[in-house]
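Okay, my_file_25.cif now, which holds mmCIF, C-alpha atoms:
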```cif
data_final
#
loop_
_atom_site.group_PDB
_atom_site.id
_atom_site.type_symbol
_atom_site.label_atom_id
_atom_site.label_comp_id
_atom_site.auth_asym_id
_atom_site.auth_seq_id
_atom_site.Cartn_x
_atom_site.Cartn_y
_atom_site.Cartn_z
ATOM 1 C CA MET M 306 0.000 0.000 0.000
ATOM 2 C CA ASN M 307 1.240 3.469 -0.900
ATOM 3 C CA SER M 308 0.332 5.777 1.968
ATOM 4 C CA ARG M 309 0.880 9.513 2.304
ATOM 5 C CA LEU M 310 0.972 12.069 5.070
ATOM 6 C CA HIS M 311 1.471 15.756 4.324
ATOM 7 C CA LEU M 312 1.490 18.300 7.141
ATOM 8 C CA ILE M 313 2.310 22.012 7.104
ATOM 9 C CA ALA M 314 2.780 23.800 10.427
ATOM 10 C CA GLY M 315 2.086 27.500 10.046
ATOM 11 C CA PHE M 316 2.685 30.462 12.359
ATOM 12 C CA LYS M 317 0.298 33.361 12.839
ATOM 13 C CA ALA M 318 -0.296 35.909 15.603
ATOM 14 C CA GLY M 319 2.379 34.292 17.765
ATOM 15 C CA LYS M 320 0.882 30.783 17.556
ATOM 16 C CA SER M 321 1.734 27.611 15.635
ATOM 17 C CA TYR M 322 -1.184 25.904 13.900
ATOM 18 C CA VAL M 323 -2.059 23.271 11.296
ATOM 19 C CA LYS M 324 -2.004 25.203 8.033
ATOM 20 C CA ASP M 325 -2.543 22.197 5.788
ATOM 21 C CA LEU M 326 -3.033 18.467 6.352
ATOM 22 C CA TYR M 327 -3.569 15.558 3.993
ATOM 23 C CA VAL M 328 -3.483 11.862 4.891
ATOM 24 C CA SER M 329 -4.395 8.634 3.162
ATOM 25 C CA LEU M 330 -5.066 5.261 4.774
ATOM 26 C CA PRO M 331 -3.940 4.064 7.241
ATOM 27 C CA PHE M 332 -2.799 7.452 8.608
ATOM 28 C CA ARG M 333 -4.700 9.789 10.858
ATOM 29 C CA VAL M 334 -3.399 12.913 12.627
ATOM 30 C CA VAL M 335 -5.014 14.350 15.750
ATOM 31 C CA SER M 336 -4.205 17.309 17.991
ATOM 32 C CA VAL M 337 -2.810 16.658 21.464
ATOM 33 C CA GLY M 338 -1.527 18.914 24.235
ATOM 34 C CA GLN M 339 -4.538 21.191 24.093
ATOM 35 C CA ARG M 340 -3.953 22.208 27.709
ATOM 36 C CA LYS M 341 -0.469 23.527 26.993
ATOM 37 C CA SER M 342 -0.212 27.307 27.006
ATOM 38 C CA ASP M 343 3.060 27.677 25.072
ATOM 39 C CA ASP M 344 1.363 28.328 21.676
ATOM 40 C CA LYS M 345 3.335 25.482 20.050
ATOM 41 C CA LEU M 346 1.778 22.753 17.916
ATOM 42 C CA TYR M 347 1.420 19.180 19.182
ATOM 43 C CA GLN M 348 0.151 16.473 16.829
ATOM 44 C CA MET M 349 -0.128 12.672 17.126
ATOM 45 C CA ILE M 350 0.280 10.341 14.136
ATOM 46 C CA MET M 351 -2.166 7.437 14.377
ATOM 47 C CA SER M 352 -2.708 4.399 12.153
ATOM 48 C CA SER M 353 -5.640 2.076 11.500
ATOM 49 C CA SER M 354 -3.153 -0.651 10.508
ATOM 50 C CA PRO M 355 -1.737 -3.040 13.147
ATOM 51 C CA GLY M 356 1.731 -2.305 11.759
ATOM 52 C CA ILE M 357 3.827 -2.029 8.618
ATOM 53 C CA LEU M 358 3.128 -4.849 6.146
ATOM 54 C CA ASP M 359 4.978 -6.372 3.228
ATOM 55 C CA GLY M 360 4.963 -3.995 0.257
ATOM 56 C CA ASP M 361 3.978 -0.916 2.260
ATOM 57 C CA HIS M 362 5.522 2.371 1.123
ATOM 58 C CA TYR M 363 5.029 5.306 3.470
ATOM 59 C CA HIS M 364 5.613 8.880 2.259
ATOM 60 C CA LEU M 365 5.682 11.505 5.021
ATOM 61 C CA ASP M 366 6.238 15.176 4.169
ATOM 62 C CA ILE M 367 6.468 17.700 6.984
ATOM 63 C CA SER M 368 6.917 21.457 6.483
ATOM 64 C CA VAL M 369 7.506 23.891 9.350
ATOM 65 C CA GLU M 370 7.042 27.499 8.293
ATOM 66 C CA LYS M 371 8.987 30.444 9.698
ATOM 67 C CA GLY M 372 8.392 30.924 13.419
ATOM 68 C CA ALA M 373 6.498 27.657 13.949
ATOM 69 C CA SER M 374 7.224 24.907 16.496
ATOM 70 C CA LEU M 375 5.905 21.380 15.843
ATOM 71 C CA GLN M 376 6.164 18.332 18.072
ATOM 72 C CA LEU M 377 4.961 15.018 16.641
ATOM 73 C CA GLN M 378 4.026 12.042 18.795
ATOM 74 C CA SER M 379 3.341 8.409 17.955
ATOM 75 C CA GLN M 380 0.328 6.355 18.981
ATOM 76 C CA SER M 381 2.029 3.118 20.030
ATOM 77 C CA TYR M 382 4.851 0.698 19.303
ATOM 78 C CA GLN M 383 5.477 0.285 15.551
ATOM 79 C CA ARG M 384 5.331 -3.365 14.467
ATOM 80 C CA LEU M 385 7.110 -4.606 11.344
ATOM 81 C CA PHE M 386 5.377 -7.792 10.220
ATOM 82 C CA ASN M 387 6.718 -10.869 8.423
ATOM 83 C CA MET M 388 7.636 -9.977 4.824
ATOM 84 C CA LYS M 389 8.440 -11.840 1.629
ATOM 85 C CA ASP M 390 9.867 -8.686 0.052
ATOM 86 C CA LYS M 391 10.252 -5.412 2.003
ATOM 87 C CA ALA M 392 8.609 -2.209 3.226
ATOM 88 C CA VAL M 393 9.900 1.354 2.854
ATOM 89 C CA GLN M 394 9.348 4.656 4.635
ATOM 90 C CA GLU M 395 10.458 8.051 3.305
ATOM 91 C CA LEU M 396 10.369 11.060 5.604
ATOM 92 C CA HIS M 397 11.050 14.571 4.276
ATOM 93 C CA ILE M 398 11.181 17.498 6.697
ATOM 94 C CA SER M 399 11.553 21.105 5.556
ATOM 95 C CA MET M 400 12.218 23.681 8.277
ATOM 96 C CA GLU M 401 12.334 27.401 7.574
ATOM 97 C CA ASP M 402 14.182 29.915 9.783
ATOM 98 C CA ASP M 403 13.226 30.316 13.462
ATOM 99 C CA THR M 404 11.567 26.895 13.700
ATOM 100 C CA SER M 405 11.605 23.872 16.007
ATOM 101 C CA PHE M 406 10.683 20.271 15.288
ATOM 102 C CA ALA M 407 10.674 17.190 17.532
ATOM 103 C CA TYR M 408 9.702 13.564 16.959
ATOM 104 C CA VAL M 409 10.368 10.961 19.667
ATOM 105 C CA PRO M 410 8.265 7.926 18.638
ATOM 106 C CA HIS M 411 7.580 4.668 20.472
ATOM 107 C CA PRO M 412 9.998 1.762 19.870
ATOM 108 C CA VAL M 413 10.009 -0.347 16.695
ATOM 109 C CA VAL M 414 9.284 -4.091 16.994
ATOM 110 C CA PRO M 415 10.630 -6.084 14.000
ATOM 111 C CA HIS M 416 8.916 -9.469 13.639
ATOM 112 C CA GLU M 417 10.611 -12.533 12.195
ATOM 113 C CA ASP M 418 11.630 -12.120 8.517
ATOM 114 C CA SER M 419 10.750 -8.422 8.425
ATOM 115 C CA ASN M 420 12.706 -6.252 5.970
ATOM 116 C CA PHE M 421 12.375 -2.502 6.418
ATOM 117 C CA LYS M 422 14.221 0.604 5.257
ATOM 118 C CA SER M 423 13.514 4.104 6.548
ATOM 119 C CA GLN M 424 15.134 7.205 5.117
ATOM 120 C CA ALA M 425 14.804 10.697 6.571
ATOM 121 C CA LYS M 426 16.014 13.863 4.835
ATOM 122 C CA ILE M 427 15.826 17.061 6.850
ATOM 123 C CA HIS M 428 16.552 20.606 5.672
ATOM 124 C CA ILE M 429 16.921 22.957 8.627
ATOM 125 C CA GLY M 430 16.861 26.759 8.500
ATOM 126 C CA ASN M 431 18.740 29.351 10.529
ATOM 127 C CA ASN M 432 18.052 29.833 14.240
ATOM 128 C CA SER M 433 16.271 26.478 14.347
ATOM 129 C CA GLN M 434 16.513 23.135 16.137
ATOM 130 C CA ILE M 435 15.493 19.518 15.608
ATOM 131 C CA ILE M 436 15.096 16.530 17.942
ATOM 132 C CA MET M 437 14.752 13.068 16.356
ATOM 133 C CA SER M 438 14.951 9.613 17.927
ATOM 134 C CA GLU M 439 14.449 5.934 17.260
ATOM 135 C CA ILE M 440 14.432 2.829 19.458
ATOM 136 C CA ILE M 441 14.862 -0.631 17.942
ATOM 137 C CA THR M 442 13.843 -3.699 19.928
ATOM 138 C CA CYS M 443 14.975 -7.285 19.374
ATOM 139 C CA GLY M 444 11.479 -8.313 18.300
ATOM 140 C CA ARG M 445 8.882 -10.439 20.094
ATOM 141 C CA LYS M 446 11.203 -11.850 22.741
ATOM 142 C CA HIS M 447 8.507 -13.905 24.482
ATOM 143 C CA TYR M 448 7.779 -15.625 21.155
ATOM 144 C CA GLY M 449 11.433 -16.567 20.747
ATOM 145 C CA GLU M 450 11.935 -13.970 17.999
ATOM 146 C CA VAL M 451 15.171 -12.384 19.174
ATOM 147 C CA PHE M 452 16.696 -10.586 16.186
ATOM 148 C CA LYS M 453 15.124 -12.918 13.636
ATOM 149 C CA LEU M 454 14.453 -10.044 11.248
ATOM 150 C CA LYS M 455 15.943 -10.107 7.757
ATOM 151 C CA ARG M 456 17.094 -6.511 7.616
ATOM 152 C CA PHE M 457 16.487 -3.151 9.247
ATOM 153 C CA GLN M 458 17.968 0.141 8.109
ATOM 154 C CA ASN M 459 17.374 3.710 9.222
ATOM 155 C CA LEU M 460 19.256 6.440 7.363
ATOM 156 C CA THR M 461 19.011 10.035 8.619
ATOM 157 C CA GLU M 462 20.509 13.053 6.847
ATOM 158 C CA ILE M 463 20.342 16.669 8.047
ATOM 159 C CA TYR M 464 21.177 19.549 5.706
ATOM 160 C CA HIS M 465 21.781 23.214 6.500
ATOM 161 C CA GLN M 466 22.099 25.690 3.644
ATOM 162 C CA ASN M 467 22.196 22.672 1.292
ATOM 163 C CA LYS M 468 25.238 21.272 3.097
ATOM 164 C CA LEU M 469 25.156 17.853 4.740
ATOM 165 C CA VAL M 470 25.865 18.427 8.441
ATOM 166 C CA LEU M 471 24.867 15.041 9.894
ATOM 167 C CA LYS M 472 24.474 11.526 8.523
ATOM 168 C CA ASP M 473 23.470 8.622 10.736
ATOM 169 C CA ASN M 474 23.042 5.106 9.358
ATOM 170 C CA ILE M 475 21.711 2.271 11.527
ATOM 171 C CA LEU M 476 21.862 -1.162 9.889
ATOM 172 C CA ILE M 477 20.864 -4.467 11.478
ATOM 173 C CA GLN M 478 21.235 -7.539 9.267
ATOM 174 C CA PRO M 479 21.906 -10.594 11.454
ATOM 175 C CA ASP M 480 22.900 -12.945 8.602
ATOM 176 C CA LEU M 481 25.789 -10.616 7.634
ATOM 177 C CA ILE M 482 26.597 -8.815 10.878
ATOM 178 C CA PRO M 483 26.471 -10.967 14.062
ATOM 179 C CA ILE M 484 24.313 -8.891 16.362
ATOM 180 C CA ASN M 485 25.898 -10.204 19.568
ATOM 181 C CA SER M 486 29.495 -9.671 18.485
ATOM 182 C CA ILE M 487 31.908 -7.224 20.110
ATOM 183 C CA GLY M 488 31.304 -3.728 18.761
ATOM 184 C CA ASN M 489 27.635 -4.435 18.040
ATOM 185 C CA LEU M 490 24.878 -4.928 20.622
ATOM 186 C CA GLU M 491 26.754 -7.734 22.424
ATOM 187 C CA GLU M 492 24.370 -8.939 25.185
ATOM 188 C CA TYR M 493 21.841 -6.092 24.836
ATOM 189 C CA THR M 494 18.439 -6.426 23.154
ATOM 190 C CA HIS M 495 17.464 -2.777 22.578
ATOM 191 C CA GLN M 496 19.250 0.101 20.891
ATOM 192 C CA GLY M 497 18.256 3.767 20.916
ATOM 193 C CA THR M 498 19.471 6.860 19.088
ATOM 194 C CA LEU M 499 18.472 10.469 19.753
ATOM 195 C CA ILE M 500 19.780 13.269 17.524
ATOM 196 C CA PHE M 501 19.800 16.927 18.505
ATOM 197 C CA TYR M 502 20.957 19.576 16.065
ATOM 198 C CA THR M 503 20.544 23.331 16.265
ATOM 199 C CA THR M 504 21.554 26.354 14.219
ATOM 200 C CA LYS M 505 20.766 28.694 17.099
ATOM 201 C CA GLU M 506 23.511 30.758 18.666
ATOM 202 C CA HIS M 507 24.424 30.778 22.354
ATOM 203 C CA VAL M 508 23.308 27.192 22.975
ATOM 204 C CA HIS M 509 25.248 25.818 25.954
ATOM 205 C CA LYS M 510 25.890 22.393 24.469
ATOM 206 C CA GLU M 511 28.275 21.217 27.192
ATOM 207 C CA HIS M 512 25.732 22.065 29.904
ATOM 208 C CA LEU M 513 22.993 20.153 28.055
ATOM 209 C CA ILE M 514 25.213 17.107 27.642
ATOM 210 C CA ASN M 515 26.147 17.146 31.335
ATOM 211 C CA THR M 516 22.469 17.426 32.272
ATOM 212 C CA ILE M 517 21.627 14.396 30.119
ATOM 213 C CA ILE M 518 24.470 12.351 31.571
ATOM 214 C CA GLU M 519 23.362 13.245 35.103
ATOM 215 C CA SER M 520 19.786 12.231 34.238
ATOM 216 C CA ALA M 521 21.074 8.873 33.004
ATOM 217 C CA GLY M 522 22.521 8.150 36.439
ATOM 218 C CA LYS M 523 19.244 6.721 37.737
ATOM 219 C CA PHE M 524 19.372 4.059 35.014
ATOM 220 C CA GLN M 525 22.753 2.750 36.174
ATOM 221 C CA ASN M 526 23.085 -1.021 35.652
ATOM 222 C CA LYS M 527 19.904 -0.941 33.512
ATOM 223 C CA MET M 528 21.079 0.944 30.410
ATOM 224 C CA GLU M 529 24.377 1.966 28.877
ATOM 225 C CA ILE M 530 24.221 5.590 27.700
ATOM 226 C CA GLY M 531 26.759 7.698 25.815
ATOM 227 C CA VAL M 532 26.755 11.106 24.136
ATOM 228 C CA SER M 533 28.773 12.012 21.020
ATOM 229 C CA GLU M 534 29.405 15.733 20.654
ATOM 230 C CA MET M 535 29.434 17.326 17.205
ATOM 231 C CA ASP M 536 31.816 20.096 16.115
ATOM 232 C CA ASP M 537 28.994 22.634 16.056
ATOM 233 C CA ASN M 538 25.800 22.829 18.105
ATOM 234 C CA GLY M 539 24.644 19.241 18.069
ATOM 235 C CA PHE M 540 25.075 15.847 19.673
ATOM 236 C CA VAL M 541 23.884 12.246 19.404
ATOM 237 C CA VAL M 542 22.702 10.170 22.372
ATOM 238 C CA ARG M 543 23.154 6.393 22.106
ATOM 239 C CA SER M 544 21.617 3.908 24.507
ATOM 240 C CA LEU M 545 21.738 0.144 24.946
ATOM 241 C CA GLY M 546 19.437 -1.808 27.242
ATOM 242 C CA TYR M 547 17.007 -4.646 27.791
ATOM 243 C CA GLY M 548 13.650 -2.874 27.568
ATOM 244 C CA GLY M 549 11.986 -0.384 25.266
ATOM 245 C CA GLU M 550 9.720 1.399 27.738
ATOM 246 C CA MET M 551 12.526 2.588 30.009
ATOM 247 C CA MET M 552 14.529 3.836 27.021
ATOM 248 C CA TYR M 553 11.461 5.575 25.595
ATOM 249 C CA GLU M 554 10.777 7.377 28.897
ATOM 250 C CA PHE M 555 14.421 8.486 29.032
ATOM 251 C CA PHE M 556 14.227 9.924 25.507
ATOM 252 C CA LEU M 557 10.993 11.742 26.378
ATOM 253 C CA HIS M 558 12.818 13.276 29.327
ATOM 254 C CA ILE M 559 15.627 14.463 27.043
ATOM 255 C CA GLN M 560 13.066 15.876 24.620
ATOM 256 C CA GLU M 561 11.478 17.845 27.447
ATOM 257 C CA ILE M 562 14.846 19.383 28.359
ATOM 258 C CA LEU M 563 15.669 20.330 24.769
ATOM 259 C CA TRP M 564 12.148 21.477 23.840
ATOM 260 C CA GLU M 565 12.333 24.187 26.487
ATOM 261 C CA LEU M 566 15.154 25.830 24.513
ATOM 262 C CA ASN M 567 12.806 27.130 21.814
#
```
Same coordinates, now as structure tokens:
Amino acid sequence: MNSRLHLIAGFKAGKSYVKDLYVSLPFRVVSVGQRKSDDKLYQMIMSSSPGILDGDHYHLDISVEKGASLQLQSQSYQRLFNMKDKAVQELHISMEDDTSFAYVPHPVVPHEDSNFKSQAKIHIGNNSQIIMSEIITCGRKHYGEVFKLKRFQNLTEIYHQNKLVLKDNILIQPDLIPINSIGNLEEYTHQGTLIFYTTKEHVHKEHLINTIIESAGKFQNKMEIGVSEMDDNGFVVRSLGYGGEMMYEFFLHIQEILWELN
């Protein structure tokens, strides 16, 4: 199934709002955070499908106009079902100047023989920031499906002024790359990545990183967490653990810290 989602976040009279929205099955988008008084836009992506099926091709186009702030949320864990061929997702995000965008979705659950590729291309304007994350689980552990997927790939590229400033490529293919080997996941069953990049000035990156590391202290002996600092105003948080919910709550906490910057 070819499915499309097109969302434009506009900005008028000091408030962010849904300027345009188009979805096809199985997508649905609803407003959340109505009680918030920060005049930012909060939207949840929902789906009538139980998960991503063989042959699915998702096209998601998000535009954030000058001055707008958009935070997307997911409905639930994203299941990748058994596939004979593959499924694909393409995400395109266009951010004008003075904008903010965040998307911290629930974990992905790849079933046995699933084959999925996701590609995100983001163009960020001046004085703007983006928060993106992904959590990959081992699959349905209680069904004995521990990394029995065929292939999983998530490629993220961020551009500023048409220059590539960040490229992150996650690839899990157990028949070629032993998942439990040294340098891969070893004994862990869940992997998480959170990317923060900003073109704003006077962002105290070192303070933010220290705050995140301090917050990770309460997960000692439950998750391994590291932060890679970029040359400019950005960093990548990596986490390894044994459960998706704990990792998801940690990423939501990081999002809350970073979202307050805009």
From (14.1, 28.1, 15.1), in the file's coordinates, out to 8 Å: which residues are reached, counting only C-alpha atoms? Answer as a PDB file with C-alpha atoms, in the frame of the given file.
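Ended up saving to selection12.pdb:
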```
ATOM      1  CA  LYS M 371       8.987  30.444   9.698  1.00  0.00           C
ATOM      2  CA  GLY M 372       8.392  30.924  13.419  1.00  0.00           C
ATOM      3  CA  ALA M 373       6.498  27.657  13.949  1.00  0.00           C
ATOM      4  CA  SER M 374       7.224  24.907  16.496  1.00  0.00           C
ATOM      5  CA  GLU M 401      12.334  27.401   7.574  1.00  0.00           C
ATOM      6  CA  ASP M 402      14.182  29.915   9.783  1.00  0.00           C
ATOM      7  CA  ASP M 403      13.226  30.316  13.462  1.00  0.00           C
ATOM      8  CA  THR M 404      11.567  26.895  13.700  1.00  0.00           C
ATOM      9  CA  SER M 405      11.605  23.872  16.007  1.00  0.00           C
ATOM     10  CA  GLY M 430      16.861  26.759   8.500  1.00  0.00           C
ATOM     11  CA  ASN M 431      18.740  29.351  10.529  1.00  0.00           C
ATOM     12  CA  ASN M 432      18.052  29.833  14.240  1.00  0.00           C
ATOM     13  CA  SER M 433      16.271  26.478  14.347  1.00  0.00           C
ATOM     14  CA  GLN M 434      16.513  23.135  16.137  1.00  0.00           C
ATOM     15  CA  THR M 504      21.554  26.354  14.219  1.00  0.00           C
ATOM     16  CA  LYS M 505      20.766  28.694  17.099  1.00  0.00           C
ATOM     17  CA  ASN M 567      12.806  27.130  21.814  1.00  0.00           C
TER      18      ASN M 567
END
```
M:Ser544, M:Gly444, M:Val369, M:His311 ranked by distance to Gln525 in chain M, top pick (using all atoms listed in the file):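 Looking at the shortest contact to Gln525 in chain M, the residue is M:Ser544.
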Go through M:Gln348, M:Ser486, M:Asn387, M:Ser520 and flag the residue nearest Lys455 in chain M, using only C-alpha atoms for the distances.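 So, comparing all the options, the nearest one is M:Asn387.
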Choose the residue, out of M:Ser419, M:Tyr382, M:Asp473, M:Arg309, that has the smallest atom-to-atom separation from Gly360 in chain M; count only C-alpha atoms. M:Ser419
Would you compute an axis-aligned box for range 340-350 of chain M, covering every atom listed for it in the file with 4 Å of margin on each side, and report centre and edge lengths in Å to one decimal as lines of an AutoDock Vina configuration file?
```
center_x = -0.3
center_y = 19.3
center_z = 20.9
size_x = 15.3
size_y = 26.0
size_z = 21.6
```
Radius query 7 Å about (14.2, -2.4, 10.0), atoms used: all atoms listed in the file, as a list in words: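 Residues lying no farther than 7 Å from the given point: Pro415, Asn420, Phe421, Lys422, Arg456, Phe457, Gln458 and Asn459 of chain M.
For the set M:Tyr347, M:Phe555, M:Tyr322, M:Phe540, the residue with the smallest atom-to-atom gap to Leu471 in chain M is M:Phe540, counting only C-alpha atoms.
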Exercise: Tyr363 in chain M partners within 7 Å, all atoms listed in the file, chain neighbours under 2 positions left out, as a PyMOL selection string: chain M and resi 307-309+361+365+393-395
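Closest to Phe386 in chain M among M:His465, M:Lys453, M:Arg543, M:Lys426 is M:Lys453, based on all atoms listed in the file.
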Spell out the residues picked by the PyMOL selection byres ((chain M and resi 498) around 8) here, as a CSV table (one decimal) with C-alpha atoms, keeping the file's coordinate frame.
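New file part_30.csv:
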```
chain,number,residue,atom,x,y,z
M,438,SER,CA,15.0,9.6,17.9
M,439,GLU,CA,14.4,5.9,17.3
M,440,ILE,CA,14.4,2.8,19.5
M,496,GLN,CA,19.2,0.1,20.9
M,497,GLY,CA,18.3,3.8,20.9
M,499,LEU,CA,18.5,10.5,19.8
M,500,ILE,CA,19.8,13.3,17.5
M,541,VAL,CA,23.9,12.2,19.4
M,542,VAL,CA,22.7,10.2,22.4
M,543,ARG,CA,23.2,6.4,22.1
M,544,SER,CA,21.6,3.9,24.5
```
Determine the residue set returned by the PyMOL selection byres ((chain M and resi 427) around 9) for the present structure, and present it as a short mmCIF file (atom, residue, chain, number, x, y, z; two decimals) with C-alpha atoms, in the frame of the given file.
```cif
data_model
loop_
_atom_site.label_atom_id
_atom_site.label_comp_id
_atom_site.auth_asym_id
_atom_site.auth_seq_id
_atom_site.Cartn_x
_atom_site.Cartn_y
_atom_site.Cartn_z
CA LEU M 396 10.37 11.06 5.60
CA HIS M 397 11.05 14.57 4.28
CA ILE M 398 11.18 17.50 6.70
CA SER M 399 11.55 21.10 5.56
CA MET M 400 12.22 23.68 8.28
CA ALA M 425 14.80 10.70 6.57
CA LYS M 426 16.01 13.86 4.84
CA HIS M 428 16.55 20.61 5.67
CA ILE M 429 16.92 22.96 8.63
CA THR M 461 19.01 10.04 8.62
CA GLU M 462 20.51 13.05 6.85
CA ILE M 463 20.34 16.67 8.05
CA TYR M 464 21.18 19.55 5.71
CA HIS M 465 21.78 23.21 6.50
#
```
Provide range 339-356 of chain M rebuilt to N, CA and C atoms, formatted as an mmCIF file, in the coordinates of the input.
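part-v3.cif, written as the output of this step:
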```cif
data_model
loop_
_atom_site.group_PDB
_atom_site.id
_atom_site.type_symbol
_atom_site.label_atom_id
_atom_site.label_comp_id
_atom_site.auth_asym_id
_atom_site.auth_seq_id
_atom_site.Cartn_x
_atom_site.Cartn_y
_atom_site.Cartn_z
ATOM 1 N N GLN M 339 -3.682 20.003 24.151
ATOM 2 C CA GLN M 339 -4.538 21.191 24.093
ATOM 3 C C GLN M 339 -4.434 22.055 25.351
ATOM 4 N N ARG M 340 -4.026 21.460 26.452
ATOM 5 C CA ARG M 340 -3.953 22.208 27.709
ATOM 6 C C ARG M 340 -2.651 22.994 27.843
ATOM 7 N N LYS M 341 -1.728 22.784 26.933
ATOM 8 C CA LYS M 341 -0.469 23.527 26.993
ATOM 9 C C LYS M 341 -0.727 24.989 26.602
ATOM 10 N N SER M 342 -0.004 25.873 27.236
ATOM 11 C CA SER M 342 -0.212 27.307 27.006
ATOM 12 C C SER M 342 1.006 27.943 26.352
ATOM 13 N N ASP M 343 1.832 27.139 25.671
ATOM 14 C CA ASP M 343 3.060 27.677 25.072
ATOM 15 C C ASP M 343 2.890 28.084 23.616
ATOM 16 N N ASP M 344 1.676 27.922 23.052
ATOM 17 C CA ASP M 344 1.363 28.328 21.676
ATOM 18 C C ASP M 344 2.144 27.544 20.623
ATOM 19 N N LYS M 345 2.680 26.362 21.007
ATOM 20 C CA LYS M 345 3.335 25.482 20.050
ATOM 21 C C LYS M 345 2.342 24.426 19.578
ATOM 22 N N LEU M 346 2.697 23.708 18.530
ATOM 23 C CA LEU M 346 1.778 22.753 17.916
ATOM 24 C C LEU M 346 2.179 21.329 18.286
ATOM 25 N N TYR M 347 1.198 20.565 18.780
ATOM 26 C CA TYR M 347 1.420 19.180 19.182
ATOM 27 C C TYR M 347 0.440 18.287 18.419
ATOM 28 N N GLN M 348 0.981 17.351 17.653
ATOM 29 C CA GLN M 348 0.151 16.473 16.829
ATOM 30 C C GLN M 348 0.580 15.016 17.025
ATOM 31 N N MET M 349 -0.405 14.109 16.996
ATOM 32 C CA MET M 349 -0.128 12.672 17.126
ATOM 33 C C MET M 349 -0.451 11.968 15.817
ATOM 34 N N ILE M 350 0.505 11.166 15.323
ATOM 35 C CA ILE M 350 0.280 10.341 14.136
ATOM 36 C C ILE M 350 -0.315 9.011 14.580
ATOM 37 N N MET M 351 -1.489 8.694 14.049
ATOM 38 C CA MET M 351 -2.166 7.437 14.377
ATOM 39 C C MET M 351 -2.314 6.602 13.113
ATOM 40 N N SER M 352 -2.583 5.306 13.297
ATOM 41 C CA SER M 352 -2.708 4.399 12.153
ATOM 42 C C SER M 352 -3.805 3.384 12.424
ATOM 43 N N SER M 353 -4.606 3.108 11.395
ATOM 44 C CA SER M 353 -5.640 2.076 11.500
ATOM 45 C C SER M 353 -5.079 0.697 11.204
ATOM 46 N N SER M 354 -3.800 0.626 10.802
ATOM 47 C CA SER M 354 -3.153 -0.651 10.508
ATOM 48 C C SER M 354 -2.472 -1.174 11.773
ATOM 49 N N PRO M 355 -2.426 -2.498 11.964
ATOM 50 C CA PRO M 355 -1.737 -3.040 13.147
ATOM 51 C C PRO M 355 -0.231 -2.849 13.095
ATOM 52 N N GLY M 356 0.294 -2.513 11.914
ATOM 53 C CA GLY M 356 1.731 -2.305 11.759
ATOM 54 C C GLY M 356 2.084 -2.144 10.292
#
```
